[in-house]
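This is coords.cif (mmCIF, C-alpha atoms and all ligand atoms).
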data_entry
#
loop_
_atom_site.label_atom_id
_atom_site.label_comp_id
_atom_site.auth_asym_id
_atom_site.auth_seq_id
_atom_site.Cartn_x
_atom_site.Cartn_y
_atom_site.Cartn_z
CA MET O 12 173.35 144.45 -8.76
CA SER O 13 172.34 146.84 -6.05
CA LYS O 14 169.03 148.63 -6.17
CA LYS O 15 168.79 152.03 -7.82
CA THR O 16 168.16 154.96 -5.50
CA ILE O 17 165.01 156.99 -5.54
CA LEU O 18 164.89 160.36 -3.85
CA THR O 19 161.72 162.33 -3.55
CA GLY O 20 160.37 165.02 -1.28
CA ILE O 21 157.24 166.67 -0.05
CA ARG O 22 156.68 170.00 1.67
CA PRO O 23 155.13 169.71 5.12
CA THR O 24 152.46 172.36 4.77
CA GLY O 25 149.29 170.29 5.16
CA ASN O 26 147.84 166.82 5.36
CA LEU O 27 147.83 164.24 2.59
CA HIS O 28 144.61 163.93 0.64
CA VAL O 29 143.04 161.39 -1.69
CA GLY O 30 144.70 163.13 -4.66
CA HIS O 31 148.10 162.28 -3.15
CA LEU O 32 147.04 158.67 -2.62
CA PHE O 33 146.02 158.24 -6.22
CA GLY O 34 149.04 160.26 -7.35
CA ALA O 35 152.58 160.78 -6.10
CA VAL O 36 152.39 159.17 -2.68
CA GLY O 37 150.54 156.09 -3.93
CA ASN O 38 153.28 155.77 -6.49
CA TRP O 39 156.01 155.93 -3.83
CA VAL O 40 154.27 153.14 -1.93
CA LYS O 41 154.64 150.94 -5.00
CA LEU O 42 158.20 152.02 -5.78
CA GLN O 43 159.55 151.33 -2.30
CA ASP O 44 159.51 147.59 -3.05
CA GLU O 45 161.78 147.95 -6.01
CA TYR O 46 164.17 150.77 -5.16
CA GLU O 47 166.30 152.06 -2.35
CA THR O 48 163.91 154.82 -1.38
CA PHE O 49 164.51 158.10 0.43
CA ILE O 50 161.54 160.34 1.17
CA GLU O 51 162.42 163.81 2.33
CA ILE O 52 160.11 165.90 4.44
CA ALA O 53 161.18 169.20 2.92
CA ASP O 54 160.82 171.52 5.88
CA VAL O 55 163.54 173.91 4.71
CA GLN O 56 161.75 174.23 1.38
CA ALA O 57 158.42 174.71 3.16
CA LEU O 58 159.99 177.56 5.11
CA THR O 59 160.94 179.39 1.91
CA ASP O 60 157.39 180.64 1.68
CA ASN O 61 156.25 179.96 5.25
CA PHE O 62 159.14 181.51 7.13
CA GLN O 63 156.75 183.65 9.17
CA ASP O 64 154.95 180.58 10.41
CA PRO O 65 157.40 178.13 11.98
CA ASP O 66 154.66 176.55 14.10
CA LYS O 67 152.79 175.51 10.98
CA VAL O 68 155.85 173.83 9.48
CA ARG O 69 156.80 172.13 12.75
CA ARG O 70 153.28 170.78 13.23
CA ASN O 71 153.12 169.52 9.67
CA VAL O 72 156.41 167.65 9.84
CA LYS O 73 154.73 165.41 12.39
CA GLU O 74 151.45 165.30 10.46
CA MET O 75 153.25 164.46 7.24
CA THR O 76 155.19 161.65 8.89
CA LEU O 77 151.98 160.14 10.24
CA ASP O 78 150.25 160.56 6.89
CA LEU O 79 153.10 158.95 4.96
CA LEU O 80 153.09 155.97 7.30
CA ALA O 81 149.31 155.79 7.11
CA ALA O 82 149.51 155.89 3.31
CA GLY O 83 151.64 152.75 3.38
CA ILE O 84 155.22 153.96 3.32
CA ASP O 85 156.96 151.11 5.11
CA PRO O 86 159.86 152.17 7.33
CA ALA O 87 161.40 148.74 6.79
CA LYS O 88 161.70 149.56 3.11
CA ALA O 89 161.94 153.34 2.79
CA HIS O 90 163.87 155.99 4.68
CA ILE O 91 161.81 158.99 5.75
CA PHE O 92 164.00 161.93 6.76
CA ILE O 93 163.78 165.59 7.72
CA GLN O 94 165.58 167.96 5.37
CA SER O 95 166.79 170.41 8.02
CA ALA O 96 168.33 167.54 10.00
CA VAL O 97 170.72 166.86 7.12
CA PRO O 98 172.83 170.04 7.20
CA GLU O 99 175.06 168.74 4.39
CA ILE O 100 172.19 169.66 2.05
CA ALA O 101 172.42 173.28 3.13
CA GLU O 102 176.18 173.28 2.54
CA LEU O 103 175.79 171.85 -0.94
CA THR O 104 173.15 174.49 -1.67
CA VAL O 105 175.72 177.23 -1.01
CA PHE O 106 178.30 175.63 -3.30
CA TYR O 107 175.81 175.04 -6.10
CA SER O 108 174.52 178.62 -6.00
CA ASN O 109 177.62 179.79 -7.86
CA LEU O 110 176.64 177.60 -10.78
CA VAL O 111 173.20 179.09 -11.41
CA THR O 112 172.48 182.52 -12.83
CA MET O 113 169.65 184.70 -11.57
CA ALA O 114 168.25 184.81 -15.10
CA ARG O 115 168.10 181.01 -15.20
CA LEU O 116 166.27 180.87 -11.87
CA TYR O 117 163.68 183.41 -12.96
CA ARG O 118 163.18 181.46 -16.16
CA ASN O 119 162.42 178.21 -14.31
CA PRO O 120 158.78 177.56 -15.29
CA THR O 121 157.82 176.11 -11.90
CA VAL O 122 159.25 179.10 -10.02
CA LYS O 123 157.70 181.47 -12.57
CA THR O 124 154.25 179.96 -12.06
CA GLU O 125 154.59 180.04 -8.30
CA ILE O 126 155.65 183.68 -8.31
CA ALA O 127 152.69 184.53 -10.57
CA GLN O 128 150.36 182.74 -8.14
CA LYS O 129 151.78 184.69 -5.23
CA LYS O 130 151.22 187.93 -7.12
CA SER O 131 147.62 187.05 -7.84
CA VAL O 132 147.00 186.15 -4.20
CA PHE O 133 149.01 188.87 -2.44
CA GLY O 134 148.93 191.64 -5.02
CA ASN O 135 151.99 193.84 -4.79
CA GLN O 136 153.43 191.82 -1.96
CA GLY O 137 154.20 189.28 -4.66
CA GLU O 138 156.95 191.68 -5.67
CA SER O 139 158.77 190.94 -2.46
CA VAL O 140 159.70 187.41 -3.46
CA THR O 141 162.67 186.36 -1.34
CA TYR O 142 166.11 185.17 -2.37
CA GLY O 143 165.42 181.90 -0.54
CA PHE O 144 162.25 181.28 -2.48
CA VAL O 145 163.65 182.03 -5.93
CA GLY O 146 166.64 179.87 -5.05
CA TYR O 147 164.77 176.81 -3.89
CA PRO O 148 165.52 174.86 -7.09
CA ILE O 149 169.19 175.00 -6.04
CA SER O 150 168.33 173.59 -2.66
CA GLN O 151 166.24 170.90 -4.31
CA ALA O 152 169.20 169.98 -6.50
CA ALA O 153 171.18 169.61 -3.27
CA ASP O 154 168.44 167.32 -1.87
CA ILE O 155 168.65 165.06 -4.88
CA THR O 156 172.41 164.91 -5.30
CA ALA O 157 173.16 164.64 -1.57
CA LEU O 158 171.25 161.36 -1.53
CA GLU O 159 172.69 160.29 -4.89
CA GLY O 160 169.17 160.10 -6.23
CA GLU O 161 169.24 158.36 -9.59
CA LEU O 162 165.53 158.50 -10.18
CA VAL O 163 163.20 161.21 -8.93
CA PRO O 164 159.52 160.27 -9.06
CA VAL O 165 157.64 163.49 -9.69
CA GLY O 166 154.61 164.96 -11.34
CA GLU O 167 154.92 166.98 -14.50
CA ASP O 168 154.93 170.30 -12.65
CA GLN O 169 158.26 169.35 -11.08
CA LEU O 170 160.09 168.49 -14.32
CA PRO O 171 161.74 171.92 -14.66
CA LEU O 172 163.27 171.42 -11.20
CA ILE O 173 164.80 168.12 -12.19
CA GLU O 174 166.11 169.67 -15.41
CA GLN O 175 167.71 172.46 -13.40
CA CYS O 176 169.30 169.89 -11.12
CA ARG O 177 170.73 168.07 -14.12
CA GLU O 178 172.23 171.31 -15.40
CA ILE O 179 173.86 171.97 -12.04
CA VAL O 180 175.32 168.46 -11.97
CA ARG O 181 176.73 168.78 -15.48
CA LYS O 182 178.22 172.17 -14.77
CA PHE O 183 179.71 170.98 -11.49
CA ASN O 184 181.26 167.90 -13.08
CA HIS O 185 182.56 169.95 -16.00
CA ILE O 186 184.30 172.52 -13.80
CA TYR O 187 185.44 170.42 -10.85
CA GLY O 188 185.69 166.96 -12.38
CA PRO O 189 183.28 164.01 -12.35
CA THR O 190 181.73 163.97 -8.88
CA LEU O 191 177.95 164.09 -8.90
CA LYS O 192 175.32 161.71 -10.25
CA GLU O 193 172.89 163.10 -12.81
CA PRO O 194 169.34 162.17 -11.85
CA GLU O 195 166.49 161.28 -14.13
CA PRO O 196 162.84 162.06 -13.55
CA LEU O 197 160.50 159.12 -13.15
CA LEU O 198 157.17 160.42 -14.36
CA SER O 199 154.23 158.74 -12.75
CA GLU O 200 151.37 157.86 -15.01
CA THR O 201 148.87 158.45 -12.27
CA PRO O 202 145.99 160.63 -13.29
CA ARG O 203 145.23 163.90 -11.61
CA ILE O 204 142.22 163.62 -9.34
CA LYS O 205 139.47 166.21 -9.55
CA GLY O 206 138.48 168.15 -6.45
CA LEU O 207 135.17 167.85 -4.62
CA ASP O 208 134.00 171.04 -6.35
CA GLY O 209 134.71 169.63 -9.81
CA GLN O 210 137.90 171.62 -10.35
CA GLU O 211 140.59 169.77 -12.33
CA LYS O 212 142.86 169.37 -9.34
CA MET O 213 142.30 168.31 -5.76
CA GLY O 214 144.38 170.54 -3.56
CA LYS O 215 144.73 171.96 -0.11
CA SER O 216 144.89 175.55 -1.29
CA LEU O 217 141.80 175.01 -3.42
CA GLY O 218 139.82 173.88 -0.38
CA ASN O 219 138.33 170.94 -2.29
CA ALA O 220 140.14 167.93 -0.84
CA LEU O 221 139.20 164.74 0.95
CA TYR O 222 141.89 164.04 3.51
CA LEU O 223 143.37 160.75 4.64
CA ASN O 224 142.58 161.69 8.20
CA ASP O 225 139.04 162.95 7.61
CA THR O 226 136.66 161.21 10.00
CA PRO O 227 133.67 159.27 8.57
CA GLU O 228 131.48 162.20 9.64
CA VAL O 229 133.61 164.73 7.79
CA VAL O 230 133.58 162.53 4.68
CA ALA O 231 129.76 162.40 4.87
CA GLU O 232 129.53 166.19 5.25
CA LYS O 233 131.79 166.77 2.27
CA ILE O 234 130.09 164.28 -0.04
CA LYS O 235 126.63 165.64 0.78
CA LYS O 236 127.74 168.98 -0.67
CA VAL O 237 129.16 167.53 -3.90
CA ILE O 238 127.58 168.89 -7.09
CA THR O 239 125.45 166.54 -9.20
CA ASP O 240 123.86 167.14 -12.63
CA PRO O 241 122.23 170.56 -12.07
CA SER O 242 119.36 169.75 -14.47
CA LYS O 243 118.14 167.06 -12.10
CA ILE O 244 115.56 168.59 -9.78
CA LYS O 245 113.46 165.69 -8.55
CA LYS O 246 114.58 162.31 -7.31
CA ASP O 247 113.17 160.52 -10.36
CA ASP O 248 114.49 162.87 -13.05
CA PRO O 249 116.90 161.18 -15.44
CA ALA O 250 120.37 162.68 -15.28
CA ASN O 251 123.79 162.64 -16.92
CA PRO O 252 126.39 160.83 -14.78
CA ASP O 253 129.21 162.22 -16.90
CA ILE O 254 128.73 165.68 -15.45
CA CYS O 255 128.12 164.44 -11.90
CA MET O 256 130.93 164.55 -9.37
CA VAL O 257 129.30 161.80 -7.31
CA TYR O 258 129.50 159.47 -10.29
CA TYR O 259 133.08 160.62 -10.87
CA TYR O 260 134.06 159.44 -7.39
CA HIS O 261 132.07 156.22 -7.73
CA LYS O 262 134.20 155.55 -10.78
CA LEU O 263 137.40 156.52 -9.02
CA MET O 264 136.59 154.20 -6.14
CA GLN O 265 135.79 151.44 -8.61
CA THR O 266 132.40 150.85 -7.10
CA ASP O 267 131.65 147.26 -8.13
CA HIS O 268 128.16 147.95 -9.49
CA LEU O 269 129.26 150.99 -11.49
CA ALA O 270 127.27 150.00 -14.58
CA THR O 271 124.11 149.85 -12.48
CA VAL O 272 124.82 153.26 -10.96
CA ARG O 273 125.13 154.73 -14.45
CA GLU O 274 122.05 153.01 -15.78
CA GLU O 275 119.84 153.90 -12.84
CA CYS O 276 121.05 157.50 -12.94
CA GLU O 277 120.37 157.81 -16.66
CA GLN O 278 116.95 156.24 -16.31
CA GLY O 279 115.90 158.31 -13.33
CA LYS O 280 115.78 155.30 -11.03
CA ARG O 281 118.38 156.56 -8.61
CA GLY O 282 118.03 159.54 -6.31
CA CYS O 283 121.10 161.63 -5.56
CA VAL O 284 120.67 161.31 -1.80
CA ALA O 285 120.81 157.49 -1.93
CA CYS O 286 123.63 157.60 -4.46
CA LYS O 287 125.66 159.87 -2.17
CA LYS O 288 124.96 157.64 0.80
CA GLU O 289 126.45 154.70 -1.07
CA LEU O 290 129.47 156.75 -2.07
CA ILE O 291 130.05 157.86 1.51
CA GLU O 292 130.14 154.23 2.60
CA THR O 293 132.49 153.26 -0.21
CA ILE O 294 134.90 156.09 0.56
CA ASN O 295 134.85 155.36 4.25
CA GLN O 296 135.62 151.73 3.55
CA TYR O 297 138.45 152.78 1.28
CA LEU O 298 139.91 155.09 3.93
CA GLU O 299 139.58 152.60 6.77
CA PRO O 300 142.98 150.87 6.43
CA PHE O 301 144.68 154.29 6.28
CA ARG O 302 142.85 155.43 9.39
CA LYS O 303 143.82 152.25 11.21
CA ARG O 304 147.50 152.63 10.41
CA ARG O 305 147.41 156.29 11.36
CA ALA O 306 145.74 155.50 14.66
CA TYR O 307 148.42 152.92 15.38
CA TYR O 308 151.25 155.38 14.82
CA GLU O 309 149.45 158.16 16.70
CA GLN O 310 149.46 155.84 19.68
CA HIS O 311 153.13 154.89 19.23
CA GLU O 312 154.89 158.24 19.19
CA GLU O 313 158.23 156.79 20.19
CA GLU O 314 158.17 154.44 17.25
CA VAL O 315 157.48 157.34 14.90
CA GLU O 316 160.35 159.30 16.36
CA LYS O 317 162.64 156.32 15.93
CA ILE O 318 161.59 155.98 12.29
CA LEU O 319 162.56 159.61 11.67
CA ILE O 320 165.83 159.31 13.55
CA GLU O 321 166.84 156.16 11.68
CA GLY O 322 165.71 157.54 8.32
CA THR O 323 167.63 160.75 8.89
CA LYS O 324 170.73 158.84 10.00
CA ALA O 325 170.71 156.81 6.78
CA ALA O 326 170.22 159.97 4.71
CA ARG O 327 172.98 161.79 6.55
CA LYS O 328 175.45 158.98 6.03
CA ARG O 329 175.06 159.29 2.27
CA ALA O 330 175.04 163.07 2.31
CA GLN O 331 178.29 163.19 4.29
CA GLU O 332 180.03 161.00 1.75
CA VAL O 333 178.80 163.13 -1.14
CA LEU O 334 179.79 166.36 0.60
CA LYS O 335 183.27 164.97 1.23
CA GLN O 336 183.72 164.24 -2.47
CA VAL O 337 182.31 167.63 -3.43
CA LYS O 338 184.74 169.46 -1.15
CA LYS O 339 187.61 167.44 -2.48
CA SER O 340 186.69 168.26 -6.07
CA MET O 341 186.33 171.94 -5.16
CA LYS O 342 189.68 171.89 -3.37
CA ILE O 343 188.18 173.03 -0.07
CA ASP O 344 188.86 169.77 1.78
CA TYR O 345 191.23 171.46 4.24
CA PHE O 346 190.92 169.20 7.26
CA ASP O 347 189.75 165.90 5.78
N1 LIG A 401 159.32 170.59 -4.63
C1 LIG A 401 158.61 169.40 -4.26
C2 LIG A 401 157.12 169.76 -4.13
O1 LIG A 401 156.79 170.90 -3.91
C3 LIG A 401 159.08 168.80 -2.95
C4 LIG A 401 160.52 168.39 -2.97
C5 LIG A 401 161.52 168.87 -2.16
C6 LIG A 401 161.14 167.44 -3.81
N2 LIG A 401 162.68 168.28 -2.42
C7 LIG A 401 162.51 167.38 -3.44
C8 LIG A 401 160.67 166.61 -4.84
C9 LIG A 401 163.39 166.55 -4.08
C10 LIG A 401 161.58 165.77 -5.49
C11 LIG A 401 162.94 165.74 -5.12
O2 LIG A 401 156.29 168.90 -4.22
#

Kindly transcribe the structure held in the file into structure tokens.
Amino acid sequence: MSKKTILTGIRPTGNLHVGHLFGAVGNWVKLQDEYETFIEIADVQALTDNFQDPDKVRRNVKEMTLDLLAAGIDPAKAHIFIQSAVPEIAELTVFYSNLVTMARLYRNPTVKTEIAQKKSVFGNQGESVTYGFVGYPISQAADITALEGELVPVGEDQLPLIEQCREIVRKFNHIYGPTLKEPEPLLSETPRIKGLDGQEKMGKSLGNALYLNDTPEVVAEKIKKVITDPSKIKKDDPANPDICMVYYYHKLMQTDHLATVREECEQGKRGCVACKKELIETINQYLEPFRKRRAYYEQHEEEVEKILIEGTKAARKRAQEVLKQVKKSMKIDYFD
């Protein structure tokens, strides 16, 4: 039996951070062994709310490619492709838009949350949400179906988008005859990683992330600022590791003498400065293989370009076949 197809995507709007490694992207690295894997760099989707800043998106397509390779996505196993370079996706988006009502789009919980966030950040400008932005779930349904994605590995926040895609597929098949594959979400069980400031989520927009491409010096700077138990004033005060972000990251990094760290902290035998120093070393060791791979690809630009060209070719081949079937079903296959 042939392998099932996985399709997933990521917006190129910033670098990958440790949260991605422990979460979605780390999961893709594991899944690529088992499934036919397509990873889309969703530049068209990134432009829906960054259309005024094409330089940012362009720059981050390259950054994201390097980061994905650094994270361990293996071009021999997975196809990395650029969304805008597969124009069939845009065509499908237009056809699918007839199948989705405005009311349904506004009710999509992911879109709703994002619009609310925009309002809170931009005030009244949030009112000027564009057609392209509200419609991005349709474009995402085109991403998934164009690649015949059977499984879509996503976090919980993306579930409403997969559900909307499934509705589009069912409606399409009902009206035009069985044509499209209905995808299923593949929820990752990876925990959400807390940010350096102790917030529940590590994120670029929250300004609390440790990045894959942070230098050892930057890692040291960031860890030195991490909040420990505020009741601990002097080096020898006993403290509570369970409310200390340094301990949290020791745990995350599976520091081998974790029990000792806890004990010494609780008994006031461990100063925060020394504890942070250890953590900095552990994190830098953890990041080292990622940095090495990134450095390799940074020095081999032509290889990176070839990976994108090949990945996009493979994606396009599938998308062309799907589009052909779609046009046939819709009776608009004039010149095929
Ligand atoms: N919307 C996803 C995100 O913001 C990115 C994405 C684009 C995606 N196309 C996709 C995810 C297709 C899964 C499938 O993270």

Can you tell me which residues surround Asn61 (chain O) at a distance of at most 12 Å, considering only C-alpha atoms, apart from same-chain residues fewer than 5 positions away, and format the answer as a PDB file with C-alpha atoms, in the coordinates of the input?
ATOM      1  CA  ARG O  22     156.680 170.000   1.670  1.00  0.00           C
ATOM      2  CA  PRO O  23     155.130 169.710   5.120  1.00  0.00           C
ATOM      3  CA  THR O  24     152.460 172.360   4.770  1.00  0.00           C
ATOM      4  CA  GLY O  25     149.290 170.290   5.160  1.00  0.00           C
ATOM      5  CA  ASP O  54     160.820 171.520   5.880  1.00  0.00           C
ATOM      6  CA  VAL O  55     163.540 173.910   4.710  1.00  0.00           C
ATOM      7  CA  GLN O  56     161.750 174.230   1.380  1.00  0.00           C
ATOM      8  CA  ASP O  66     154.660 176.550  14.100  1.00  0.00           C
ATOM      9  CA  LYS O  67     152.790 175.510  10.980  1.00  0.00           C
ATOM     10  CA  VAL O  68     155.850 173.830   9.480  1.00  0.00           C
ATOM     11  CA  ARG O  69     156.800 172.130  12.750  1.00  0.00           C
ATOM     12  CA  ASN O  71     153.120 169.520   9.670  1.00  0.00           C
ATOM     13  CA  VAL O 140     159.700 187.410  -3.460  1.00  0.00           C
ATOM     14  CA  THR O 141     162.670 186.360  -1.340  1.00  0.00           C
ATOM     15  CA  GLY O 143     165.420 181.900  -0.540  1.00  0.00           C
ATOM     16  CA  PHE O 144     162.250 181.280  -2.480  1.00  0.00           C
TER      17      PHE O 144
END

One-decimal distance in Å that lies between CA of Gly34 (chain O) and CA of Pro171 (chain O): 18.7 Å

Contact residues around Glu200 (chain O) with only C-alpha atoms at 10 Å, ignoring same-chain residues under 3 positions, as a PyMOL selection string: chain O and resi 34-35+38+165-167+197+203

Kindly provide the residues of chain O that approach ligand LIG 401 (chain A) to within 7 Å, each paired with its closest atom pair and their distance in Å to one decimal, based on only C-alpha atoms and all ligand atoms, listed by chain and increasing number, as CSV.
residue,atom,partner,partner_atom,distance
O:Leu18,CA,A:LIG401,C11,5.9
O:Thr19,CA,A:LIG401,C11,3.9
O:Gly20,CA,A:LIG401,C6,3.6
O:Ile21,CA,A:LIG401,C3,4.0
O:Arg22,CA,A:LIG401,C3,5.3
O:Glu51,CA,A:LIG401,N2,6.5
O:Ala53,CA,A:LIG401,C5,5.1
O:Gln56,CA,A:LIG401,C5,6.4
O:Gln151,CA,A:LIG401,N2,4.8
O:Asp154,CA,A:LIG401,C9,5.6
O:Ile155,CA,A:LIG401,C9,5.5
O:Val163,CA,A:LIG401,C11,5.9
O:Pro164,CA,A:LIG401,C10,6.9
O:Val165,CA,A:LIG401,C10,6.2
O:Gln169,CA,A:LIG401,N1,6.7

Taking (170.7, 181.5, -11.6) in the file's coordinates, which residues come within 12 Å, counting only C-alpha atoms, written as a ChimeraX atom specification? /O:107-119,122,142,145-149,175-176,178-179

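Between Leu198 (chain O) and the residues O:Trp39, O:Gln94, O:Met75, O:Ala285, the shortest atom-to-atom distance, using all atoms listed in the file, involves O:Trp39.
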